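This is data11.pdb (PDB, C-alpha atoms).
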ATOM      1  CA  MET L  25     -19.252  -6.963  18.580  1.00  0.00           C
ATOM      2  CA  VAL L  26     -15.878  -8.767  18.706  1.00  0.00           C
ATOM      3  CA  GLU L  27     -15.763 -12.012  16.726  1.00  0.00           C
ATOM      4  CA  ILE L  28     -13.665 -14.606  18.586  1.00  0.00           C
ATOM      5  CA  LEU L  29     -11.738 -17.163  16.519  1.00  0.00           C
ATOM      6  CA  TYR L  30      -9.769 -18.802  19.355  1.00  0.00           C
ATOM      7  CA  GLU L  31      -9.622 -18.331  23.112  1.00  0.00           C
ATOM      8  CA  ASP L  32      -7.991 -19.959  26.114  1.00  0.00           C
ATOM      9  CA  ASN L  33      -6.359 -18.763  29.342  1.00  0.00           C
ATOM     10  CA  HIS L  34      -3.239 -17.558  27.518  1.00  0.00           C
ATOM     11  CA  LEU L  35      -4.306 -16.401  24.044  1.00  0.00           C
ATOM     12  CA  ILE L  36      -7.199 -14.809  22.228  1.00  0.00           C
ATOM     13  CA  ALA L  37      -7.543 -14.469  18.450  1.00  0.00           C
ATOM     14  CA  VAL L  38     -10.210 -12.322  16.810  1.00  0.00           C
ATOM     15  CA  PHE L  39     -11.422 -11.509  13.318  1.00  0.00           C
ATOM     16  CA  LYS L  40     -10.203  -8.071  12.310  1.00  0.00           C
ATOM     17  CA  LYS L  41     -12.427  -6.222   9.857  1.00  0.00           C
ATOM     18  CA  SER L  42     -10.721  -3.967   7.321  1.00  0.00           C
ATOM     19  CA  SER L  43     -11.915  -0.862   9.171  1.00  0.00           C
ATOM     20  CA  ASP L  44     -10.575  -1.962  12.579  1.00  0.00           C
ATOM     21  CA  LEU L  45      -7.581  -0.340  14.211  1.00  0.00           C
ATOM     22  CA  VAL L  46      -5.328  -2.924  15.913  1.00  0.00           C
ATOM     23  CA  GLN L  47      -4.088  -0.609  18.667  1.00  0.00           C
ATOM     24  CA  GLY L  48      -4.964   2.946  19.719  1.00  0.00           C
ATOM     25  CA  ASP L  49      -3.174   5.728  17.832  1.00  0.00           C
ATOM     26  CA  LYS L  50      -3.309   9.516  17.348  1.00  0.00           C
ATOM     27  CA  SER L  51      -6.484   9.187  15.245  1.00  0.00           C
ATOM     28  CA  GLY L  52      -8.425   8.624  18.450  1.00  0.00           C
ATOM     29  CA  ASP L  53     -10.572   5.962  16.759  1.00  0.00           C
ATOM     30  CA  VAL L  54     -11.813   3.071  18.876  1.00  0.00           C
ATOM     31  CA  SER L  55      -9.231   0.299  18.634  1.00  0.00           C
ATOM     32  CA  LEU L  56      -9.765  -3.446  18.499  1.00  0.00           C
ATOM     33  CA  ASP L  57      -7.559  -4.118  21.527  1.00  0.00           C
ATOM     34  CA  ARG L  58      -9.864  -1.905  23.598  1.00  0.00           C
ATOM     35  CA  GLU L  59     -12.906  -3.832  22.389  1.00  0.00           C
ATOM     36  CA  VAL L  60     -11.242  -7.159  23.210  1.00  0.00           C
ATOM     37  CA  LYS L  61     -10.397  -5.907  26.711  1.00  0.00           C
ATOM     38  CA  LYS L  62     -14.043  -4.934  27.220  1.00  0.00           C
ATOM     39  CA  TYR L  63     -15.157  -8.381  26.035  1.00  0.00           C
ATOM     40  CA  LEU L  64     -12.777 -10.127  28.482  1.00  0.00           C
ATOM     41  CA  ALA L  65     -13.789  -7.852  31.366  1.00  0.00           C
ATOM     42  CA  ARG L  66     -17.473  -8.648  30.786  1.00  0.00           C
ATOM     43  CA  LYS L  67     -17.021 -12.380  30.251  1.00  0.00           C
ATOM     44  CA  TYR L  68     -14.795 -12.984  33.270  1.00  0.00           C
ATOM     45  CA  ASP L  69     -16.177 -10.187  35.459  1.00  0.00           C
ATOM     46  CA  LYS L  70     -12.741  -8.626  35.823  1.00  0.00           C
ATOM     47  CA  PRO L  71     -12.506  -5.287  37.655  1.00  0.00           C
ATOM     48  CA  GLY L  72      -9.909  -2.745  36.589  1.00  0.00           C
ATOM     49  CA  ASP L  73      -7.701  -2.885  33.523  1.00  0.00           C
ATOM     50  CA  VAL L  74      -7.560  -6.219  31.687  1.00  0.00           C
ATOM     51  CA  TYR L  75      -4.133  -7.370  30.486  1.00  0.00           C
ATOM     52  CA  LEU L  76      -3.829  -7.767  26.704  1.00  0.00           C
ATOM     53  CA  GLY L  77      -0.544  -7.999  24.814  1.00  0.00           C
ATOM     54  CA  VAL L  78      -0.234  -7.065  21.139  1.00  0.00           C
ATOM     55  CA  VAL L  79       1.619  -9.914  19.424  1.00  0.00           C
ATOM     56  CA  HIS L  80       1.548  -8.708  15.807  1.00  0.00           C
ATOM     57  CA  ARG L  81      -0.225  -6.116  13.680  1.00  0.00           C
ATOM     58  CA  LEU L  82      -2.247  -5.962  10.494  1.00  0.00           C
ATOM     59  CA  ASP L  83      -2.447  -2.821   8.379  1.00  0.00           C
ATOM     60  CA  ARG L  84      -5.714  -1.004   8.961  1.00  0.00           C
ATOM     61  CA  PRO L  85      -7.239  -1.793   5.504  1.00  0.00           C
ATOM     62  CA  VAL L  86      -6.378  -5.514   5.883  1.00  0.00           C
ATOM     63  CA  SER L  87      -8.745  -8.067   7.450  1.00  0.00           C
ATOM     64  CA  GLY L  88      -8.285 -11.500   9.015  1.00  0.00           C
ATOM     65  CA  VAL L  89      -6.775 -13.347  11.996  1.00  0.00           C
ATOM     66  CA  LEU L  90      -5.384 -11.137  14.734  1.00  0.00           C
ATOM     67  CA  LEU L  91      -3.724 -12.700  17.777  1.00  0.00           C
ATOM     68  CA  TYR L  92      -3.333 -11.203  21.258  1.00  0.00           C
ATOM     69  CA  ALA L  93      -1.716 -12.558  24.431  1.00  0.00           C
ATOM     70  CA  ARG L  94      -3.749 -12.708  27.661  1.00  0.00           C
ATOM     71  CA  THR L  95      -0.732 -13.013  29.973  1.00  0.00           C
ATOM     72  CA  SER L  96       2.723 -11.448  30.047  1.00  0.00           C
ATOM     73  CA  LYS L  97       4.300 -14.927  29.952  1.00  0.00           C
ATOM     74  CA  ALA L  98       2.376 -15.807  26.795  1.00  0.00           C
ATOM     75  CA  LEU L  99       3.320 -12.469  25.206  1.00  0.00           C
ATOM     76  CA  GLU L 100       7.014 -12.975  25.906  1.00  0.00           C
ATOM     77  CA  ARG L 101       6.980 -16.475  24.418  1.00  0.00           C
ATOM     78  CA  LEU L 102       4.843 -15.485  21.426  1.00  0.00           C
ATOM     79  CA  ASN L 103       7.190 -12.587  20.679  1.00  0.00           C
ATOM     80  CA  GLU L 104      10.031 -15.099  20.532  1.00  0.00           C
ATOM     81  CA  ILE L 105       7.994 -17.462  18.310  1.00  0.00           C
ATOM     82  CA  PHE L 106       7.317 -14.629  15.852  1.00  0.00           C
ATOM     83  CA  ARG L 107      10.875 -13.256  16.072  1.00  0.00           C
ATOM     84  CA  THR L 108      12.419 -16.639  15.269  1.00  0.00           C
ATOM     85  CA  ARG L 109       9.833 -17.298  12.519  1.00  0.00           C
ATOM     86  CA  GLN L 110       8.337 -20.369  14.137  1.00  0.00           C
ATOM     87  CA  VAL L 111       4.903 -19.330  12.938  1.00  0.00           C
ATOM     88  CA  LYS L 112       3.278 -20.041   9.582  1.00  0.00           C
ATOM     89  CA  LYS L 113       1.401 -17.013   8.229  1.00  0.00           C
ATOM     90  CA  ILE L 114      -0.946 -17.537   5.276  1.00  0.00           C
ATOM     91  CA  TYR L 115      -2.583 -14.619   3.483  1.00  0.00           C
ATOM     92  CA  TYR L 116      -4.830 -14.283   0.451  1.00  0.00           C
ATOM     93  CA  ALA L 117      -4.577 -11.395  -1.988  1.00  0.00           C
ATOM     94  CA  ILE L 118      -6.760 -10.460  -4.952  1.00  0.00           C
ATOM     95  CA  VAL L 119      -4.847  -8.931  -7.862  1.00  0.00           C
ATOM     96  CA  LYS L 120      -5.800  -7.900 -11.385  1.00  0.00           C
ATOM     97  CA  GLU L 121      -2.608  -8.857 -13.196  1.00  0.00           C
ATOM     98  CA  SER L 122      -1.254 -12.378 -13.438  1.00  0.00           C
ATOM     99  CA  PRO L 123       2.077 -12.873 -11.650  1.00  0.00           C
ATOM    100  CA  PRO L 124       5.012 -14.137 -13.736  1.00  0.00           C
ATOM    101  CA  ALA L 125       4.716 -17.750 -12.494  1.00  0.00           C
ATOM    102  CA  GLU L 126       2.019 -20.033 -11.090  1.00  0.00           C
ATOM    103  CA  GLU L 127       4.072 -20.389  -7.929  1.00  0.00           C
ATOM    104  CA  ALA L 128       7.339 -18.811  -6.795  1.00  0.00           C
ATOM    105  CA  THR L 129       9.379 -17.740  -3.799  1.00  0.00           C
ATOM    106  CA  ILE L 130      10.549 -14.159  -4.146  1.00  0.00           C
ATOM    107  CA  SER L 131      13.104 -12.199  -2.135  1.00  0.00           C
ATOM    108  CA  HIS L 132      13.792  -8.465  -2.130  1.00  0.00           C
ATOM    109  CA  PHE L 133      15.110  -5.784   0.179  1.00  0.00           C
ATOM    110  CA  LEU L 134      12.555  -3.406   1.702  1.00  0.00           C
ATOM    111  CA  LYS L 135      13.248   0.041   3.077  1.00  0.00           C
ATOM    112  CA  LYS L 136      10.553   1.888   5.011  1.00  0.00           C
ATOM    113  CA  ASN L 137       9.945   5.591   4.436  1.00  0.00           C
ATOM    114  CA  GLU L 138       8.537   6.828   7.744  1.00  0.00           C
ATOM    115  CA  GLN L 139       7.195  10.127   6.373  1.00  0.00           C
ATOM    116  CA  GLN L 140       5.231   8.391   3.601  1.00  0.00           C
ATOM    117  CA  ASN L 141       4.391   5.294   5.654  1.00  0.00           C
ATOM    118  CA  LYS L 142       5.446   3.249   2.649  1.00  0.00           C
ATOM    119  CA  SER L 143       8.079   0.603   1.898  1.00  0.00           C
ATOM    120  CA  TYR L 144      10.273   0.701  -1.187  1.00  0.00           C
ATOM    121  CA  VAL L 145      11.512  -2.499  -2.814  1.00  0.00           C
ATOM    122  CA  TYR L 146      15.049  -3.126  -4.068  1.00  0.00           C
ATOM    123  CA  ASP L 147      16.616  -6.103  -5.797  1.00  0.00           C
ATOM    124  CA  LYS L 148      19.856  -5.598  -3.879  1.00  0.00           C
ATOM    125  CA  GLU L 149      20.602  -4.496  -0.352  1.00  0.00           C
ATOM    126  CA  VAL L 150      20.694  -0.739   0.239  1.00  0.00           C
ATOM    127  CA  LYS L 151      21.451   1.201   3.397  1.00  0.00           C
ATOM    128  CA  GLY L 152      18.646   0.772   5.927  1.00  0.00           C
ATOM    129  CA  SER L 153      16.920  -2.017   4.020  1.00  0.00           C
ATOM    130  CA  LYS L 154      15.811  -5.410   5.361  1.00  0.00           C
ATOM    131  CA  GLU L 155      15.540  -8.685   3.492  1.00  0.00           C
ATOM    132  CA  ALA L 156      11.971  -9.769   2.710  1.00  0.00           C
ATOM    133  CA  SER L 157      10.842 -13.172   1.451  1.00  0.00           C
ATOM    134  CA  LEU L 158       7.491 -14.750   0.607  1.00  0.00           C
ATOM    135  CA  THR L 159       6.047 -17.597  -1.438  1.00  0.00           C
ATOM    136  CA  TYR L 160       2.953 -17.075  -3.572  1.00  0.00           C
ATOM    137  CA  ARG L 161       0.846 -19.330  -5.725  1.00  0.00           C
ATOM    138  CA  ILE L 162      -2.171 -18.720  -7.901  1.00  0.00           C
ATOM    139  CA  LYS L 163      -5.087 -20.276  -6.046  1.00  0.00           C
ATOM    140  CA  GLY L 164      -8.030 -19.137  -8.165  1.00  0.00           C
ATOM    141  CA  ARG L 165      -9.116 -17.143 -11.210  1.00  0.00           C
ATOM    142  CA  SER L 166     -12.205 -15.143 -12.132  1.00  0.00           C
ATOM    143  CA  GLU L 167     -12.979 -13.187 -15.281  1.00  0.00           C
ATOM    144  CA  ARG L 168     -11.077 -10.145 -14.038  1.00  0.00           C
ATOM    145  CA  TYR L 169      -8.986 -11.164 -11.046  1.00  0.00           C
ATOM    146  CA  TYR L 170      -6.567 -13.698  -9.604  1.00  0.00           C
ATOM    147  CA  LEU L 171      -6.537 -15.049  -6.064  1.00  0.00           C
ATOM    148  CA  LEU L 172      -3.030 -15.506  -4.680  1.00  0.00           C
ATOM    149  CA  GLU L 173      -2.164 -17.544  -1.604  1.00  0.00           C
ATOM    150  CA  VAL L 174       0.840 -15.984   0.112  1.00  0.00           C
ATOM    151  CA  GLU L 175       3.049 -17.472   2.803  1.00  0.00           C
ATOM    152  CA  LEU L 176       5.150 -14.877   4.585  1.00  0.00           C
ATOM    153  CA  HIS L 177       8.671 -15.940   5.538  1.00  0.00           C
ATOM    154  CA  THR L 178       9.541 -12.543   7.036  1.00  0.00           C
ATOM    155  CA  GLY L 179       7.330  -9.875   8.563  1.00  0.00           C
ATOM    156  CA  ARG L 180       8.350  -6.535   7.079  1.00  0.00           C
ATOM    157  CA  HIS L 181       6.353  -3.314   6.892  1.00  0.00           C
ATOM    158  CA  HIS L 182       3.752  -3.575   4.069  1.00  0.00           C
ATOM    159  CA  GLN L 183       5.704  -6.564   2.783  1.00  0.00           C
ATOM    160  CA  ILE L 184       3.038  -8.359   0.726  1.00  0.00           C
ATOM    161  CA  ARG L 185       1.681  -5.104  -0.658  1.00  0.00           C
ATOM    162  CA  ALA L 186       5.117  -3.866  -1.701  1.00  0.00           C
ATOM    163  CA  GLN L 187       6.495  -7.135  -3.095  1.00  0.00           C
ATOM    164  CA  LEU L 188       3.396  -7.963  -5.146  1.00  0.00           C
ATOM    165  CA  ALA L 189       3.427  -4.420  -6.549  1.00  0.00           C
ATOM    166  CA  LYS L 190       7.067  -4.946  -7.515  1.00  0.00           C
ATOM    167  CA  LEU L 191       5.913  -7.974  -9.560  1.00  0.00           C
ATOM    168  CA  GLY L 192       3.388  -5.759 -11.340  1.00  0.00           C
ATOM    169  CA  CYS L 193       0.500  -7.201  -9.324  1.00  0.00           C
ATOM    170  CA  PRO L 194      -0.627  -4.562  -6.797  1.00  0.00           C
ATOM    171  CA  VAL L 195      -3.353  -5.709  -4.411  1.00  0.00           C
ATOM    172  CA  LYS L 196      -6.864  -4.707  -5.501  1.00  0.00           C
ATOM    173  CA  GLY L 197      -7.818  -1.370  -3.957  1.00  0.00           C
ATOM    174  CA  ASP L 198      -4.288  -0.538  -2.791  1.00  0.00           C
ATOM    175  CA  LEU L 199      -3.753   2.962  -4.206  1.00  0.00           C
ATOM    176  CA  LYS L 200      -0.562   3.442  -2.197  1.00  0.00           C
ATOM    177  CA  TYR L 201       1.138   0.653  -4.134  1.00  0.00           C
ATOM    178  CA  GLY L 202      -0.214   1.350  -7.596  1.00  0.00           C
ATOM    179  CA  PHE L 203      -3.698  -0.118  -7.973  1.00  0.00           C
ATOM    180  CA  GLN L 204      -5.800   2.194 -10.141  1.00  0.00           C
ATOM    181  CA  ARG L 205      -8.968   2.387  -8.014  1.00  0.00           C
ATOM    182  CA  SER L 206      -9.842   2.123  -4.348  1.00  0.00           C
ATOM    183  CA  ASN L 207     -12.342  -0.381  -2.979  1.00  0.00           C
ATOM    184  CA  GLU L 208     -15.694   1.168  -2.094  1.00  0.00           C
ATOM    185  CA  ASP L 209     -15.363   0.342   1.601  1.00  0.00           C
ATOM    186  CA  GLY L 210     -11.797   1.670   1.873  1.00  0.00           C
ATOM    187  CA  SER L 211     -10.322  -1.810   2.327  1.00  0.00           C
ATOM    188  CA  ILE L 212      -7.629  -3.440   0.252  1.00  0.00           C
ATOM    189  CA  SER L 213      -8.157  -7.015  -0.942  1.00  0.00           C
ATOM    190  CA  LEU L 214      -5.574  -8.559   1.362  1.00  0.00           C
ATOM    191  CA  PHE L 215      -6.667 -11.016   4.020  1.00  0.00           C
ATOM    192  CA  ALA L 216      -4.806 -12.769   6.841  1.00  0.00           C
ATOM    193  CA  ARG L 217      -6.285 -16.249   6.458  1.00  0.00           C
ATOM    194  CA  ARG L 218      -4.396 -18.503   8.888  1.00  0.00           C
ATOM    195  CA  LEU L 219      -1.814 -18.668  11.683  1.00  0.00           C
ATOM    196  CA  GLU L 220      -0.088 -21.913  12.689  1.00  0.00           C
ATOM    197  CA  PHE L 221       2.283 -22.192  15.651  1.00  0.00           C
ATOM    198  CA  LEU L 222       3.124 -24.198  18.747  1.00  0.00           C
ATOM    199  CA  HIS L 223       1.148 -22.993  21.770  1.00  0.00           C
ATOM    200  CA  PRO L 224       3.552 -20.967  23.958  1.00  0.00           C
ATOM    201  CA  VAL L 225       2.429 -22.667  27.192  1.00  0.00           C
ATOM    202  CA  LYS L 226       0.713 -25.959  26.290  1.00  0.00           C
ATOM    203  CA  LYS L 227       3.249 -26.776  23.545  1.00  0.00           C
ATOM    204  CA  GLU L 228       0.463 -28.109  21.324  1.00  0.00           C
ATOM    205  CA  PRO L 229      -0.081 -27.188  17.653  1.00  0.00           C
ATOM    206  CA  VAL L 230      -2.503 -24.292  17.174  1.00  0.00           C
ATOM    207  CA  ILE L 231      -4.144 -23.497  13.832  1.00  0.00           C
ATOM    208  CA  ILE L 232      -6.385 -20.425  13.667  1.00  0.00           C
ATOM    209  CA  THR L 233      -8.328 -19.825  10.448  1.00  0.00           C
ATOM    210  CA  ALA L 234     -10.600 -16.913   9.548  1.00  0.00           C
ATOM    211  CA  HIS L 235     -13.562 -16.925   7.180  1.00  0.00           C
ATOM    212  CA  PHE L 236     -13.353 -14.862   3.997  1.00  0.00           C
ATOM    213  CA  PRO L 237     -14.394 -11.207   4.368  1.00  0.00           C
ATOM    214  CA  GLU L 238     -17.826 -10.230   3.094  1.00  0.00           C
ATOM    215  CA  GLY L 239     -18.350  -8.062   0.036  1.00  0.00           C
ATOM    216  CA  ASP L 240     -15.787  -6.938  -2.525  1.00  0.00           C
ATOM    217  CA  VAL L 241     -15.026  -9.910  -4.825  1.00  0.00           C
ATOM    218  CA  TRP L 242     -14.076 -12.470  -2.154  1.00  0.00           C
ATOM    219  CA  PRO L 243     -17.228 -14.586  -2.719  1.00  0.00           C
ATOM    220  CA  LEU L 244     -15.989 -15.331  -6.261  1.00  0.00           C
ATOM    221  CA  PHE L 245     -13.174 -17.404  -4.787  1.00  0.00           C
ATOM    222  CA  LEU L 246     -14.888 -19.356  -2.017  1.00  0.00           C
ATOM    223  CA  ASP L 247     -14.700 -22.603  -3.994  1.00  0.00           C
ATOM    224  CA  ALA L 248     -10.971 -22.112  -4.603  1.00  0.00           C
ATOM    225  CA  VAL L 249     -10.100 -22.414  -0.908  1.00  0.00           C
ATOM    226  CA  LYS L 250     -12.322 -25.303   0.181  1.00  0.00           C
TER     227      LYS L 250
END
Encoded form (structure tokens):
Amino acid sequence: MVEILYEDNHLIAVFKKSSDLVQGDKSGDVSLDREVKKYLARKYDKPGDVYLGVVHRLDRPVSGVLLYARTSKALERLNEIFRTRQVKKIYYAIVKESPPAEEATISHFLKKNEQQNKSYVYDKEVKGSKEASLTYRIKGRSERYYLLEVELHTGRHHQIRAQLAKLGCPVKGDLKYGFQRSNEDGSISLFARRLEFLHPVKKEPVIITAHFPEGDVWPLFLDAVK
């Protein structure tokens, strides 16, 4: 069952579980965009193929707010909003190690390795790299973990995962970037909490917020984000 976070004639935002695939790929697994199309076809009794535009992506083991466009006009305008960074993207990450500061803006250069599906982080620009910037702050603490609030200023491949690992704070469960153990459900403890932007058609502010994922250690930090 698709969980709807926001819906109007132009946009639809859903809650992506960590196991969900954003868009169909060679794995052949059922993708979330297909499920959303089915939901729209049923709700509005639409025959044939339902239009749905992919605005942005979340890595498969990541959960949270996922936005789609319901019209080609909305998709074109949303693509421009994301390209020109007129969208505020807030994530939460659970890490085991404390970052070097309570709050900081960090910038690196990321280079994607296609064969490994992994991004490598450099302090200075190298051939084929792209600048990556984010701001983090410690939002909560438990006996064993820290909750970081992360605002993305750029949208690079595996950016949060790679940059936090560079700080010595890999995301809980993220074996690819150096965490020691996987999470039992195959997720990583990274969560797309909120999107804020100006509606591409109505020109009104839109804020879409997702609830914390179930399980793992997220419930330990519910009070930290109220």
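Considering the residues L:Ser143, L:Thr159, L:Gln183, L:Ser96 and counting only C-alpha atoms, L:Leu214 has its shortest atom-to-atom contact with L:Gln183.
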Legend entry - Result set of the PyMOL selection byres ((chain L and resi 87) around 10) on the coordinates above, as a count of residues only: 25
Legend entry - L:Leu171, L:Leu219, L:Val150, L:Val38 ranked by distance to L:Arg109, top pick (using only C-alpha atoms):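 Nearest to L:Arg109: L:Leu219.
Here atom CA of L:Lys61 stands at a distance of 16.4 Å from atom CA of L:His80.
With the shown file loaded, the PyMOL selection byres ((chain L and resi 198) around 9) picks out L:Pro85, L:Arg185, L:Pro194, L:Val195, L:Lys196, L:Gly197, L:Leu199, L:Lys200, L:Tyr201, L:Gly202, L:Phe203, L:Gln204, L:Arg205, L:Ser206, L:Asn207, L:Ser211, L:Ile212, L:Ser213.
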Legend entry - Straight-line distance linking atom CA of L:Pro224 with atom CA of L:Ala37, stated in Å to one decimal: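 Rounded to one decimal, the two atoms are 14.0 Å apart.
Non-sequential neighbours of L:Gly164 (distance at most 7 Å, separation of 3 or more positions within a chain, all atoms listed in the file) are Tyr170, Leu171, Phe245 and Ala248 of chain L.
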Could you give me, as an mmCIF file with C-alpha atoms, in the frame of the given file, the residues that sit within 8 Å of (-3.3, -19.6, 31.1) in the file's coordinates, counting only C-alpha atoms?
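And here's result.cif as it stands now:
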data_model
loop_
_atom_site.group_PDB
_atom_site.id
_atom_site.type_symbol
_atom_site.label_atom_id
_atom_site.label_comp_id
_atom_site.auth_asym_id
_atom_site.auth_seq_id
_atom_site.Cartn_x
_atom_site.Cartn_y
_atom_site.Cartn_z
ATOM 1 C CA ASP L 32 -7.991 -19.959 26.114
ATOM 2 C CA ASN L 33 -6.359 -18.763 29.342
ATOM 3 C CA HIS L 34 -3.239 -17.558 27.518
ATOM 4 C CA LEU L 35 -4.306 -16.401 24.044
ATOM 5 C CA ARG L 94 -3.749 -12.708 27.661
ATOM 6 C CA THR L 95 -0.732 -13.013 29.973
ATOM 7 C CA VAL L 225 2.429 -22.667 27.192
#
Inset, instruction - Determine the residue membership of the PyMOL selection byres ((chain L and resi 153-156) around 12) for the file above and supply it as number ranges by chain. - result: L: 129-137, 143-152, 157-159, 175-188
Inset, instruction - Have a look at atom CA of L:Glu59 and atom CA of L:Ile36 and let me know their distance in Å, one decimal. - result: 12.4 Å
